[in-house]
Amino acid sequence: MTDDDTAEAAESAPADSSDWTTRERVPGTPPRVIVVGAGVAGLSTGCYAQMSGARTRVFEKHVLPGGCCTAWSRDGYLFDYCIEWLIGTAPGNDAHRVWAELGALDGKSVTNFELFNKVEDEHGRSVTFYNDPDRLEAHLLDVSPADAPLIRAFTRDLRRFIDIELYPFLTAPALRTVRERAQTLRTVLPAFRLFWRTAATPMHVFADRFQDPLLRKAFRNIFFQDPGGFPLLPYLFNMAAAHHGNAGFPQGGSLGLARSIEERYRNLGGTITYRARTERILVENDRAIGIELRGGRRYFAEHVVSACDGHTTVYGLLGGRYTGPRIDKLYTDLLHRPGTLFPAVVSAFVGLRGDLDPDEAHSTTHLLGPDGADHLPGALQDSLVVQARSRYSGGFAPPGRSVLHCTYFSDYAHWKDLRTRNRKEYRRRKREVADFVRDFLECRTPGIADRIEIVEVATPATTHRYTGNLGGSILAWKAFSDADDVAARLVGKDRMRLPGLSGFSMAGQWVGMGGLIRAASTGRFAVQYLCRELGLEFRAWESKGDEPWHPGKLGHLPQLDRWSARESEGS
């Protein structure tokens with residue numbers, strides 16, 4: 001990745017001799033499916049379409065798969081951008097089955113942590129959110145005995161969620177059988193009041209009931225920073241998954257996950273073309289028939305799936321010709337309504353000599369005083385998350401070195417305006433982020449600044465440039481916002497299609513909400529729906545790949561612009 005403009009590389013030559021450049025397919029050959037975007041959703045779509053008997057090609061504007069699920073390198077360090085935890089890392093549930101079908105975890109170990117996150121205030125007081133409810137309850141009671149009723153209520157609910165298994169990621173909503181619906185009801189009905197109550201109770205309302213001021217802030221930041229508007233349910237669900245080892249960190253991290261799915265897709269016979277920017281979706285008689293790339297080259301298929309940014313798809317690739325009340329609400333009204341998009345993030349990766357304190361939490365949210373937050377460019381909250389990334393998986397740092405990943409929610413418009421208006425000022429503000437992080441770490445751990453070799457900063461403008469995600473958002477629509485119900489109807493009632501357009505589907509987080517398992521499941525759903533149209537039988541089976549994963553599978557890694565390396569050297 002580079003934050004500077006680079007020349008658009010020419011689209012590479014086709015990797016096979018199929019009839020992708022002719023309007024009509026060769027008689028007797030399987031139907032063709034084009035997928036726009038090689039993120040997790042696009043690769044998932046390609047895998048399931050291949051398994052179901054279609055021929056597919058994935059076109060990706062970048063040089064890597066994964067979209068936001070990516071990494072880059074510098075001086076032997078690997079900066080892992082996306083995964084903090086991954087639902088589905090433990091066998092025996094439907095989320096894991098999806099990853100097994102996609103080969104995402106083939107040959108990999110999984111790192112699980114005993115805690116979800118630690119929250120520490122500016123005075124050094126801290127709260128550790130252990131995944132074990134008994135240990136969590138004892139710890140919280142020690143922090144604030146006066147809050148015993150609320151603490152016991154939370155841990156009681158956590159115990160109940162630990163006994164529930166509900167991962168609806170296998171069958172598209174409109175295609176679920178009576179048996180599947182009955183099975184879901186058998187899980188949901190006994191816990192209906194629990195689901196209803198925890199979904200209807202906003203976390204900030206629950207947290208404000210604590211007497212201890214640290215607990216009032218800490219509970220909001222279980223998910224590292226306060227996403228705002230989330231109810232209790234997702235916190236309990238994810239902590240329960242982590243308790244079962246089903247929310248771990250896979251070996252190889254974010255890009256490792258994307259590369260594994262890419263390998264599975266290629267082994268299934270699929271073709272990926274990188275550096276291929278789709279300019280428009282070709283339509284004839286209200287039916288998608290193919291795509292046109294930048295430069296004018298055209299490819300044809302019997303079905304097109306767009307797995308890239310939703311607004312770009314609807315109003316760019318299709319020129320806004322196929323919309324309806326639901327689409328207009330999602331991509332015009334809600335898109336700009338406060339609180340419906342997941343916030344953008346600034347990331348600062350710190351590479352340093354030596355090991356990290358083994359007793360330190362793998363993830364800590366540091367609550368900053370007002371003076372501290374005022375010095376974080378574009379910050380939306382008074383907090384900084386510090387994660388010991390080199391403890392998540394091997395290979396993230398050279399021998400004898402370590403990596404920290406420091407993040408905070410930030411305003412995309414702030415960074416986009418800077419980069420557009422004044423590139424020099426944009427870089428200066430990035431240096432301010434690096435300087436703040438360096439000073440903060442030194443204040444917290446005296447002497448660490450002398451060990452820092454490099455600081456790399458990626459802004460929301462970086463995210464937008466390399467993924468096309470509107471607003472630089474890494475998770476698209478915010479769950480439990482007004483967009484949630486609209487997106488659910490788009491996936492279920494509309495079957496991931498646009499009004500008046502046949503031969504076309506959408507997949508990805510801009511349709512099925514954010515999160516990697518959700519993105520992967522939208523690819524599965526899209527293929528289930530299109531199989532009905534193309535007369536194919538949906539088929540899926542688990543990958544048999546058993547080769548141990550190794551860093552060589554990451555392939556060639558891109559780099560950010562050189563300013564970060566120079567700044568870390570003092571120039």
# chains A, B, ... in the order shown; residues from 1 in each chain; ligands from 1
$ select_by_dssp --residues "range 104-181 of chain A" --states "strand (DSSP E)" --output "PDB file with all heavy atoms, in the first residue's frame"
ATOM      1  N   VAL A 110      -4.503 -21.360  16.161  1.00  0.00           N
ATOM      2  CA  VAL A 110      -5.330 -20.235  16.598  1.00  0.00           C
ATOM      3  C   VAL A 110      -4.890 -19.791  17.982  1.00  0.00           C
ATOM      4  O   VAL A 110      -4.696 -20.626  18.873  1.00  0.00           O
ATOM      5  CB  VAL A 110      -6.828 -20.617  16.618  1.00  0.00           C
ATOM      6  CG1 VAL A 110      -7.666 -19.493  17.228  1.00  0.00           C
ATOM      7  CG2 VAL A 110      -7.322 -20.934  15.214  1.00  0.00           C
ATOM      8  N   THR A 111      -4.710 -18.504  18.154  1.00  0.00           N
ATOM      9  CA  THR A 111      -4.355 -17.947  19.460  1.00  0.00           C
ATOM     10  C   THR A 111      -5.620 -17.466  20.156  1.00  0.00           C
ATOM     11  O   THR A 111      -6.388 -16.676  19.592  1.00  0.00           O
ATOM     12  CB  THR A 111      -3.385 -16.757  19.318  1.00  0.00           C
ATOM     13  OG1 THR A 111      -2.195 -17.197  18.666  1.00  0.00           O
ATOM     14  CG2 THR A 111      -3.024 -16.177  20.682  1.00  0.00           C
ATOM     15  N   LEU A 115      -8.663 -12.957  28.180  1.00  0.00           N
ATOM     16  CA  LEU A 115      -9.438 -11.739  28.379  1.00  0.00           C
ATOM     17  C   LEU A 115      -9.817 -11.156  27.032  1.00  0.00           C
ATOM     18  O   LEU A 115      -9.159 -11.404  26.020  1.00  0.00           O
ATOM     19  CB  LEU A 115      -8.654 -10.713  29.202  1.00  0.00           C
ATOM     20  CG  LEU A 115      -7.318 -10.218  28.625  1.00  0.00           C
ATOM     21  CD1 LEU A 115      -7.488  -8.883  27.905  1.00  0.00           C
ATOM     22  CD2 LEU A 115      -6.281 -10.074  29.720  1.00  0.00           C
ATOM     23  N   PHE A 116     -10.901 -10.391  27.031  1.00  0.00           N
ATOM     24  CA  PHE A 116     -11.340  -9.746  25.800  1.00  0.00           C
ATOM     25  C   PHE A 116     -10.631  -8.419  25.612  1.00  0.00           C
ATOM     26  O   PHE A 116     -10.121  -8.104  24.541  1.00  0.00           O
ATOM     27  CB  PHE A 116     -12.857  -9.533  25.827  1.00  0.00           C
ATOM     28  CG  PHE A 116     -13.472  -9.457  24.463  1.00  0.00           C
ATOM     29  CD1 PHE A 116     -13.933 -10.598  23.829  1.00  0.00           C
ATOM     30  CD2 PHE A 116     -13.569  -8.254  23.793  1.00  0.00           C
ATOM     31  CE1 PHE A 116     -14.490 -10.542  22.567  1.00  0.00           C
ATOM     32  CE2 PHE A 116     -14.115  -8.187  22.526  1.00  0.00           C
ATOM     33  CZ  PHE A 116     -14.573  -9.332  21.909  1.00  0.00           C
ATOM     34  N   ASN A 117     -10.590  -7.617  26.654  1.00  0.00           N
ATOM     35  CA  ASN A 117      -9.930  -6.314  26.586  1.00  0.00           C
ATOM     36  C   ASN A 117      -9.709  -5.814  28.007  1.00  0.00           C
ATOM     37  O   ASN A 117     -10.401  -6.222  28.941  1.00  0.00           O
ATOM     38  CB  ASN A 117     -10.793  -5.306  25.807  1.00  0.00           C
ATOM     39  CG  ASN A 117     -10.049  -4.015  25.501  1.00  0.00           C
ATOM     40  OD1 ASN A 117      -8.849  -4.024  25.275  1.00  0.00           O
ATOM     41  ND2 ASN A 117     -10.758  -2.897  25.500  1.00  0.00           N
ATOM     42  N   LYS A 118      -8.728  -4.954  28.142  1.00  0.00           N
ATOM     43  CA  LYS A 118      -8.454  -4.274  29.406  1.00  0.00           C
ATOM     44  C   LYS A 118      -8.684  -2.785  29.191  1.00  0.00           C
ATOM     45  O   LYS A 118      -8.358  -2.252  28.120  1.00  0.00           O
ATOM     46  CB  LYS A 118      -7.011  -4.536  29.837  1.00  0.00           C
ATOM     47  CG  LYS A 118      -6.566  -3.822  31.103  1.00  0.00           C
ATOM     48  CD  LYS A 118      -5.098  -4.145  31.395  1.00  0.00           C
ATOM     49  CE  LYS A 118      -4.573  -3.364  32.584  1.00  0.00           C
ATOM     50  NZ  LYS A 118      -3.126  -3.643  32.827  1.00  0.00           N
ATOM     51  N   VAL A 119      -9.249  -2.125  30.171  1.00  0.00           N
ATOM     52  CA  VAL A 119      -9.481  -0.684  30.080  1.00  0.00           C
ATOM     53  C   VAL A 119      -8.779  -0.015  31.254  1.00  0.00           C
ATOM     54  O   VAL A 119      -8.981  -0.405  32.412  1.00  0.00           O
ATOM     55  CB  VAL A 119     -10.984  -0.346  30.100  1.00  0.00           C
ATOM     56  CG1 VAL A 119     -11.193   1.164  29.984  1.00  0.00           C
ATOM     57  CG2 VAL A 119     -11.715  -1.071  28.967  1.00  0.00           C
ATOM     58  N   GLU A 120      -7.958   0.975  30.962  1.00  0.00           N
ATOM     59  CA  GLU A 120      -7.165   1.655  31.997  1.00  0.00           C
ATOM     60  C   GLU A 120      -7.382   3.156  31.896  1.00  0.00           C
ATOM     61  O   GLU A 120      -7.329   3.718  30.798  1.00  0.00           O
ATOM     62  CB  GLU A 120      -5.686   1.307  31.811  1.00  0.00           C
ATOM     63  CG  GLU A 120      -4.768   1.904  32.852  1.00  0.00           C
ATOM     64  CD  GLU A 120      -3.323   1.458  32.666  1.00  0.00           C
ATOM     65  OE1 GLU A 120      -3.078   0.242  32.750  1.00  0.00           O
ATOM     66  OE2 GLU A 120      -2.473   2.331  32.402  1.00  0.00           O
ATOM     67  N   SER A 126      -7.522   0.138  36.478  1.00  0.00           N
ATOM     68  CA  SER A 126      -7.860  -0.659  35.301  1.00  0.00           C
ATOM     69  C   SER A 126      -8.941  -1.684  35.606  1.00  0.00           C
ATOM     70  O   SER A 126      -9.156  -2.073  36.757  1.00  0.00           O
ATOM     71  CB  SER A 126      -6.617  -1.369  34.753  1.00  0.00           C
ATOM     72  OG  SER A 126      -6.133  -2.317  35.686  1.00  0.00           O
ATOM     73  N   VAL A 127      -9.602  -2.103  34.519  1.00  0.00           N
ATOM     74  CA  VAL A 127     -10.602  -3.169  34.562  1.00  0.00           C
ATOM     75  C   VAL A 127     -10.250  -4.167  33.468  1.00  0.00           C
ATOM     76  O   VAL A 127     -10.001  -3.766  32.327  1.00  0.00           O
ATOM     77  CB  VAL A 127     -12.024  -2.621  34.314  1.00  0.00           C
ATOM     78  CG1 VAL A 127     -13.033  -3.772  34.309  1.00  0.00           C
ATOM     79  CG2 VAL A 127     -12.399  -1.598  35.364  1.00  0.00           C
ATOM     80  N   THR A 128     -10.229  -5.440  33.817  1.00  0.00           N
ATOM     81  CA  THR A 128      -9.929  -6.486  32.842  1.00  0.00           C
ATOM     82  C   THR A 128     -11.186  -7.311  32.583  1.00  0.00           C
ATOM     83  O   THR A 128     -11.770  -7.866  33.525  1.00  0.00           O
ATOM     84  CB  THR A 128      -8.799  -7.400  33.348  1.00  0.00           C
ATOM     85  OG1 THR A 128      -7.637  -6.616  33.608  1.00  0.00           O
ATOM     86  CG2 THR A 128      -8.472  -8.466  32.305  1.00  0.00           C
ATOM     87  N   PHE A 129     -11.593  -7.377  31.319  1.00  0.00           N
ATOM     88  CA  PHE A 129     -12.795  -8.117  30.960  1.00  0.00           C
ATOM     89  C   PHE A 129     -12.410  -9.545  30.580  1.00  0.00           C
ATOM     90  O   PHE A 129     -12.221  -9.876  29.407  1.00  0.00           O
ATOM     91  CB  PHE A 129     -13.542  -7.404  29.833  1.00  0.00           C
ATOM     92  CG  PHE A 129     -14.214  -6.145  30.297  1.00  0.00           C
ATOM     93  CD1 PHE A 129     -13.577  -4.925  30.171  1.00  0.00           C
ATOM     94  CD2 PHE A 129     -15.456  -6.193  30.911  1.00  0.00           C
ATOM     95  CE1 PHE A 129     -14.182  -3.763  30.624  1.00  0.00           C
ATOM     96  CE2 PHE A 129     -16.071  -5.031  31.369  1.00  0.00           C
ATOM     97  CZ  PHE A 129     -15.434  -3.813  31.234  1.00  0.00           C
ATOM     98  N   TYR A 130     -12.317 -10.387  31.610  1.00  0.00           N
ATOM     99  CA  TYR A 130     -12.021 -11.797  31.400  1.00  0.00           C
ATOM    100  C   TYR A 130     -13.204 -12.472  30.701  1.00  0.00           C
ATOM    101  O   TYR A 130     -14.362 -12.105  30.926  1.00  0.00           O
ATOM    102  CB  TYR A 130     -11.743 -12.490  32.732  1.00  0.00           C
ATOM    103  CG  TYR A 130     -10.520 -11.966  33.437  1.00  0.00           C
ATOM    104  CD1 TYR A 130     -10.629 -11.125  34.542  1.00  0.00           C
ATOM    105  CD2 TYR A 130      -9.238 -12.310  33.000  1.00  0.00           C
ATOM    106  CE1 TYR A 130      -9.509 -10.640  35.203  1.00  0.00           C
ATOM    107  CE2 TYR A 130      -8.104 -11.832  33.650  1.00  0.00           C
ATOM    108  CZ  TYR A 130      -8.244 -10.990  34.747  1.00  0.00           C
ATOM    109  OH  TYR A 130      -7.128 -10.505  35.386  1.00  0.00           O
TER     110      TYR A 130
END
$ residues_around --residues "range 342-352 of chain A" --least-positions-apart "5" --cutoff "9 Å" --atoms "only C-alpha atoms" --output "tab-separated table (two decimals) with N, CA, C and O atoms, in the first residue's frame"
chain	number	residue	atom	x	y	z
A	77	TYR	N	9.03	-6.05	9.42
A	77	TYR	CA	7.82	-6.07	10.25
A	77	TYR	C	6.60	-6.33	9.37
A	77	TYR	O	6.55	-5.89	8.21
A	79	PHE	N	2.61	-5.55	9.41
A	79	PHE	CA	1.60	-4.74	10.08
A	79	PHE	C	0.21	-5.27	9.69
A	79	PHE	O	-0.27	-5.03	8.58
A	80	ASP	N	-0.42	-5.98	10.62
A	80	ASP	CA	-1.70	-6.65	10.38
A	80	ASP	C	-2.83	-5.68	10.70
A	80	ASP	O	-2.96	-5.20	11.81
A	81	TYR	N	-3.68	-5.43	9.70
A	81	TYR	CA	-4.60	-4.30	9.78
A	81	TYR	C	-5.98	-4.59	10.34
A	81	TYR	O	-6.60	-3.73	10.94
A	227	PRO	N	-18.40	1.93	20.32
A	227	PRO	CA	-19.00	2.07	18.99
A	227	PRO	C	-20.24	2.96	18.99
A	227	PRO	O	-20.68	3.42	17.95
A	378	GLY	N	-7.98	14.52	14.58
A	378	GLY	CA	-9.23	13.95	14.11
A	378	GLY	C	-9.87	12.96	15.04
A	378	GLY	O	-10.77	12.22	14.62
A	379	ALA	N	-9.47	12.91	16.31
A	379	ALA	CA	-9.99	11.91	17.24
A	379	ALA	C	-11.46	12.16	17.54
A	379	ALA	O	-11.90	13.31	17.72
A	380	LEU	N	-12.24	11.08	17.61
A	380	LEU	CA	-13.65	11.17	17.94
A	380	LEU	C	-13.93	10.81	19.39
A	380	LEU	O	-15.02	11.10	19.90
A	397	ALA	N	6.96	-9.77	13.56
A	397	ALA	CA	8.14	-8.95	13.83
A	397	ALA	C	9.40	-9.79	13.60
A	397	ALA	O	9.37	-11.01	13.78
A	400	GLY	N	13.72	-10.93	17.88
A	400	GLY	CA	14.16	-9.95	18.85
A	400	GLY	C	13.43	-8.62	18.77
A	400	GLY	O	13.82	-7.65	19.44
A	401	ARG	N	12.38	-8.55	17.97
A	401	ARG	CA	11.58	-7.34	17.83
A	401	ARG	C	10.12	-7.61	18.18
A	401	ARG	O	9.70	-8.75	18.30
A	402	SER	N	9.35	-6.52	18.33
A	402	SER	CA	7.94	-6.62	18.67
A	402	SER	C	7.15	-5.57	17.91
A	402	SER	O	7.72	-4.60	17.40
A	403	VAL	N	5.83	-5.78	17.83
A	403	VAL	CA	4.95	-4.83	17.15
A	403	VAL	C	3.78	-4.46	18.06
A	403	VAL	O	3.15	-5.33	18.65
A	404	LEU	N	3.52	-3.17	18.17
A	404	LEU	CA	2.31	-2.66	18.81
A	404	LEU	C	1.41	-2.05	17.74
A	404	LEU	O	1.91	-1.44	16.80
A	405	HIS	N	0.12	-2.20	17.92
A	405	HIS	CA	-0.86	-1.59	17.01
A	405	HIS	C	-1.71	-0.63	17.83
A	405	HIS	O	-2.44	-1.05	18.73
A	406	CYS	N	-1.60	0.65	17.53
A	406	CYS	CA	-2.32	1.68	18.27
A	406	CYS	C	-3.39	2.29	17.38
A	406	CYS	O	-3.10	2.69	16.24
A	407	THR	N	-4.63	2.35	17.86
A	407	THR	CA	-5.74	2.80	17.03
A	407	THR	C	-6.65	3.75	17.78
A	407	THR	O	-6.72	3.73	19.02
A	408	TYR	N	-7.39	4.55	17.01
A	408	TYR	CA	-8.47	5.35	17.59
A	408	TYR	C	-9.47	5.69	16.50
A	408	TYR	O	-9.12	5.78	15.32
A	409	PHE	N	-10.74	5.85	16.90
A	409	PHE	CA	-11.78	6.28	15.96
A	409	PHE	C	-11.48	7.71	15.52
A	409	PHE	O	-11.12	8.56	16.34
A	410	SER	N	-11.67	7.95	14.22
A	410	SER	CA	-11.33	9.27	13.70
A	410	SER	C	-12.32	9.69	12.62
A	410	SER	O	-13.06	8.87	12.08
A	411	ASP	N	-12.28	11.00	12.34
A	411	ASP	CA	-13.19	11.61	11.38
A	411	ASP	C	-12.61	11.51	9.98
A	411	ASP	O	-11.57	12.10	9.69
A	412	TYR	N	-13.28	10.77	9.10
A	412	TYR	CA	-12.79	10.61	7.74
A	412	TYR	C	-12.68	11.94	7.02
A	412	TYR	O	-11.70	12.19	6.31
A	433	VAL	N	0.44	12.13	14.73
A	433	VAL	CA	-0.04	10.86	15.28
A	433	VAL	C	1.13	10.03	15.77
A	433	VAL	O	1.13	9.50	16.89
A	434	ALA	N	2.16	9.89	14.93
A	434	ALA	CA	3.34	9.10	15.30
A	434	ALA	C	4.01	9.66	16.55
A	434	ALA	O	4.40	8.91	17.45
A	437	VAL	N	1.87	8.93	19.71
A	437	VAL	CA	1.98	7.53	20.12
A	437	VAL	C	3.32	7.27	20.78
A	437	VAL	O	3.41	6.62	21.83
A	438	ARG	N	4.39	7.80	20.18
A	438	ARG	CA	5.72	7.60	20.75
A	438	ARG	C	5.80	8.20	22.16
A	438	ARG	O	6.30	7.57	23.10
A	448	ILE	N	11.03	3.09	26.49
A	448	ILE	CA	10.57	2.38	25.29
A	448	ILE	C	10.82	3.20	24.02
A	448	ILE	O	11.03	2.64	22.94
A	449	ALA	N	10.84	4.53	24.14
A	449	ALA	CA	11.04	5.37	22.95
A	449	ALA	C	12.39	5.09	22.30
A	449	ALA	O	12.51	5.15	21.06
A	450	ASP	N	13.40	4.78	23.11
A	450	ASP	CA	14.72	4.50	22.56
A	450	ASP	C	14.76	3.17	21.80
A	450	ASP	O	15.69	2.93	21.02
A	451	ARG	N	13.75	2.33	22.01
A	451	ARG	CA	13.70	1.03	21.35
A	451	ARG	C	12.89	1.07	20.06
A	451	ARG	O	12.91	0.11	19.28
A	452	ILE	N	12.18	2.16	19.82
A	452	ILE	CA	11.31	2.24	18.65
A	452	ILE	C	12.14	2.42	17.38
A	452	ILE	O	12.95	3.35	17.29
A	453	GLU	N	11.91	1.55	16.42
A	453	GLU	CA	12.62	1.61	15.14
A	453	GLU	C	11.77	2.23	14.04
A	453	GLU	O	12.32	2.81	13.09
A	454	ILE	N	10.46	2.11	14.15
A	454	ILE	CA	9.61	2.56	13.05
A	454	ILE	C	8.20	2.80	13.57
A	454	ILE	O	7.73	2.11	14.49
A	455	VAL	N	7.55	3.81	13.02
A	455	VAL	CA	6.14	4.05	13.28
A	455	VAL	C	5.45	4.26	11.93
A	455	VAL	O	5.84	5.14	11.16
A	456	GLU	N	4.45	3.43	11.64
A	456	GLU	CA	3.71	3.52	10.39
A	456	GLU	C	2.29	3.98	10.70
A	456	GLU	O	1.63	3.43	11.59
A	457	VAL	N	1.80	4.95	9.97
A	457	VAL	CA	0.46	5.49	10.21
A	457	VAL	C	-0.40	5.32	8.97
A	457	VAL	O	0.00	5.69	7.86
A	458	ALA	N	-1.59	4.77	9.16
A	458	ALA	CA	-2.60	4.66	8.10
A	458	ALA	C	-3.84	5.40	8.56
A	458	ALA	O	-4.30	5.21	9.69
A	459	THR	N	-4.38	6.25	7.71
A	459	THR	CA	-5.53	7.08	8.06
A	459	THR	C	-6.80	6.56	7.38
A	459	THR	O	-6.72	5.68	6.50
A	460	PRO	N	-7.96	7.10	7.73
A	460	PRO	CA	-9.18	6.74	7.00
A	460	PRO	C	-9.09	7.04	5.50
A	460	PRO	O	-9.72	6.34	4.69
A	463	THR	N	-7.59	4.02	3.95
A	463	THR	CA	-8.58	2.95	3.82
A	463	THR	C	-9.47	3.18	2.60
A	463	THR	O	-9.72	2.26	1.81
A	471	GLY	N	-16.40	6.75	3.19
A	471	GLY	CA	-16.10	7.28	4.50
A	471	GLY	C	-14.93	6.60	5.19
A	471	GLY	O	-14.69	6.82	6.38
A	472	GLY	N	-14.19	5.76	4.46
A	472	GLY	CA	-13.07	5.06	5.07
A	472	GLY	C	-13.48	4.08	6.15
A	472	GLY	O	-12.65	3.64	6.94
A	473	SER	N	-14.76	3.71	6.17
A	473	SER	CA	-15.25	2.82	7.21
A	473	SER	C	-14.73	1.40	6.98
A	473	SER	O	-14.77	0.89	5.86
A	474	ILE	N	-14.26	0.76	8.05
A	474	ILE	CA	-13.74	-0.60	7.91
A	474	ILE	C	-14.82	-1.65	8.11
A	474	ILE	O	-14.62	-2.83	7.80
A	475	LEU	N	-15.99	-1.26	8.64
A	475	LEU	CA	-17.06	-2.23	8.90
A	475	LEU	C	-18.40	-1.81	8.30
A	475	LEU	O	-19.42	-2.40	8.61
A	476	ALA	N	-18.40	-0.79	7.47
A	476	ALA	CA	-19.61	-0.35	6.78
A	476	ALA	C	-20.71	0.02	7.77
A	476	ALA	O	-20.48	0.77	8.70
A	477	TRP	N	-21.91	-0.56	7.57
A	477	TRP	CA	-23.04	-0.20	8.41
A	477	TRP	C	-22.83	-0.63	9.85
A	477	TRP	O	-22.29	-1.70	10.11
A	478	LYS	N	-23.26	0.22	10.75
A	478	LYS	CA	-23.15	-0.11	12.17
A	478	LYS	C	-24.31	-1.02	12.56
A	478	LYS	O	-25.48	-0.70	12.32
A	479	ALA	N	-23.99	-2.14	13.16
A	479	ALA	CA	-25.03	-3.05	13.63
A	479	ALA	C	-25.90	-2.36	14.66
A	479	ALA	O	-25.44	-1.49	15.40
A	514	GLY	N	-21.34	-5.49	8.75
A	514	GLY	CA	-19.91	-5.69	8.87
A	514	GLY	C	-19.52	-6.95	9.63
A	514	GLY	O	-20.35	-7.64	10.21
$ closest_residue --among "A:Phe300, A:Met239, A:Val386, A:Leu498" --to "Thr364 in chain A" --atoms "only C-alpha atoms"
A:Val386
$ closest_residue --among "A:Arg259, A:His244, A:Lys553, A:His366" --to "Ser44 in chain A" --atoms "only C-alpha atoms"
A:Arg259
$ closest_residue --among "A:Gly354, A:Gly107, A:Gly508, A:Pro202" --to "Gly66 in chain A" --atoms "only C-alpha atoms"
A:Gly508
$ residues_around --residues "Thr313 in chain A" --least-positions-apart "6" --cutoff "9 Å" --atoms "only C-alpha atoms" --output "PDB file with N, CA, C and O atoms, in the first residue's frame"
ATOM      1  N   ARG A 280     -17.672   0.107 -15.095  1.00  0.00           N
ATOM      2  CA  ARG A 280     -19.134   0.043 -15.139  1.00  0.00           C
ATOM      3  C   ARG A 280     -19.588  -1.386 -15.366  1.00  0.00           C
ATOM      4  O   ARG A 280     -18.837  -2.228 -15.885  1.00  0.00           O
ATOM      5  N   ILE A 281     -20.817  -1.640 -14.944  1.00  0.00           N
ATOM      6  CA  ILE A 281     -21.455  -2.921 -15.185  1.00  0.00           C
ATOM      7  C   ILE A 281     -22.288  -2.796 -16.455  1.00  0.00           C
ATOM      8  O   ILE A 281     -23.094  -1.864 -16.598  1.00  0.00           O
ATOM      9  N   SER A 306     -21.481  -7.914  -7.513  1.00  0.00           N
ATOM     10  CA  SER A 306     -20.625  -6.835  -7.042  1.00  0.00           C
ATOM     11  C   SER A 306     -20.390  -7.008  -5.551  1.00  0.00           C
ATOM     12  O   SER A 306     -21.332  -6.982  -4.750  1.00  0.00           O
ATOM     13  N   ALA A 307     -19.132  -7.194  -5.182  1.00  0.00           N
ATOM     14  CA  ALA A 307     -18.755  -7.369  -3.775  1.00  0.00           C
ATOM     15  C   ALA A 307     -17.844  -6.233  -3.337  1.00  0.00           C
ATOM     16  O   ALA A 307     -16.910  -6.427  -2.571  1.00  0.00           O
ATOM     17  N   GLY A 319     -24.721   3.608 -12.470  1.00  0.00           N
ATOM     18  CA  GLY A 319     -25.219   4.933 -12.811  1.00  0.00           C
ATOM     19  C   GLY A 319     -26.518   5.326 -12.143  1.00  0.00           C
ATOM     20  O   GLY A 319     -27.215   6.232 -12.614  1.00  0.00           O
ATOM     21  N   GLY A 320     -26.888   4.662 -11.038  1.00  0.00           N
ATOM     22  CA  GLY A 320     -28.100   5.019 -10.319  1.00  0.00           C
ATOM     23  C   GLY A 320     -29.387   4.665 -11.044  1.00  0.00           C
ATOM     24  O   GLY A 320     -30.462   5.185 -10.706  1.00  0.00           O
ATOM     25  N   MET A 506     -25.577  -8.418  -5.196  1.00  0.00           N
ATOM     26  CA  MET A 506     -24.590  -7.716  -4.380  1.00  0.00           C
ATOM     27  C   MET A 506     -24.206  -8.611  -3.213  1.00  0.00           C
ATOM     28  O   MET A 506     -25.015  -9.393  -2.719  1.00  0.00           O
TER      29      MET A 506
END
$ residues_around --residues "range 18-26 of chain A" --least-positions-apart "5" --cutoff "10 Å" --atoms "only C-alpha atoms" --output "ChimeraX atom specification"
/A:31-34,55-57,289-290,297-302
$ residues_around --residues "Leu257 in chain A" --least-positions-apart "6" --cutoff "10 Å" --atoms "only C-alpha atoms" --output "list of chain:residue names"
A:Val40, A:Pro65, A:Gly66, A:Cys69, A:Thr70, A:Ile83, A:Trp99, A:Leu102, A:Gly103, A:Ala104, A:Leu105, A:Asp106, A:Lys108, A:Pro250, A:Gln251, A:Glu263, A:Leu554
$ decode --residues "range 374-380 of chain A" --atoms "N, CA and C atoms" --output "PDB file, in the first residue's frame"
ATOM      1  N   ASP A 374      -6.970  15.958  22.896  1.00  0.00           N
ATOM      2  CA  ASP A 374      -6.900  17.152  22.041  1.00  0.00           C
ATOM      3  C   ASP A 374      -5.705  17.119  21.098  1.00  0.00           C
ATOM      4  N   HIS A 375      -4.704  16.287  21.413  1.00  0.00           N
ATOM      5  CA  HIS A 375      -3.502  16.230  20.585  1.00  0.00           C
ATOM      6  C   HIS A 375      -3.518  15.059  19.597  1.00  0.00           C
ATOM      7  N   LEU A 376      -4.645  14.322  19.547  1.00  0.00           N
ATOM      8  CA  LEU A 376      -4.784  13.246  18.572  1.00  0.00           C
ATOM      9  C   LEU A 376      -5.561  13.783  17.372  1.00  0.00           C
ATOM     10  N   PRO A 377      -4.932  13.937  16.229  1.00  0.00           N
ATOM     11  CA  PRO A 377      -5.607  14.525  15.066  1.00  0.00           C
ATOM     12  C   PRO A 377      -6.876  13.784  14.664  1.00  0.00           C
ATOM     13  N   GLY A 378      -7.978  14.524  14.576  1.00  0.00           N
ATOM     14  CA  GLY A 378      -9.228  13.952  14.109  1.00  0.00           C
ATOM     15  C   GLY A 378      -9.873  12.958  15.040  1.00  0.00           C
ATOM     16  N   ALA A 379      -9.465  12.915  16.313  1.00  0.00           N
ATOM     17  CA  ALA A 379      -9.994  11.915  17.243  1.00  0.00           C
ATOM     18  C   ALA A 379     -11.465  12.161  17.535  1.00  0.00           C
ATOM     19  N   LEU A 380     -12.239  11.078  17.608  1.00  0.00           N
ATOM     20  CA  LEU A 380     -13.651  11.166  17.941  1.00  0.00           C
ATOM     21  C   LEU A 380     -13.933  10.812  19.393  1.00  0.00           C
TER      22      LEU A 380
END
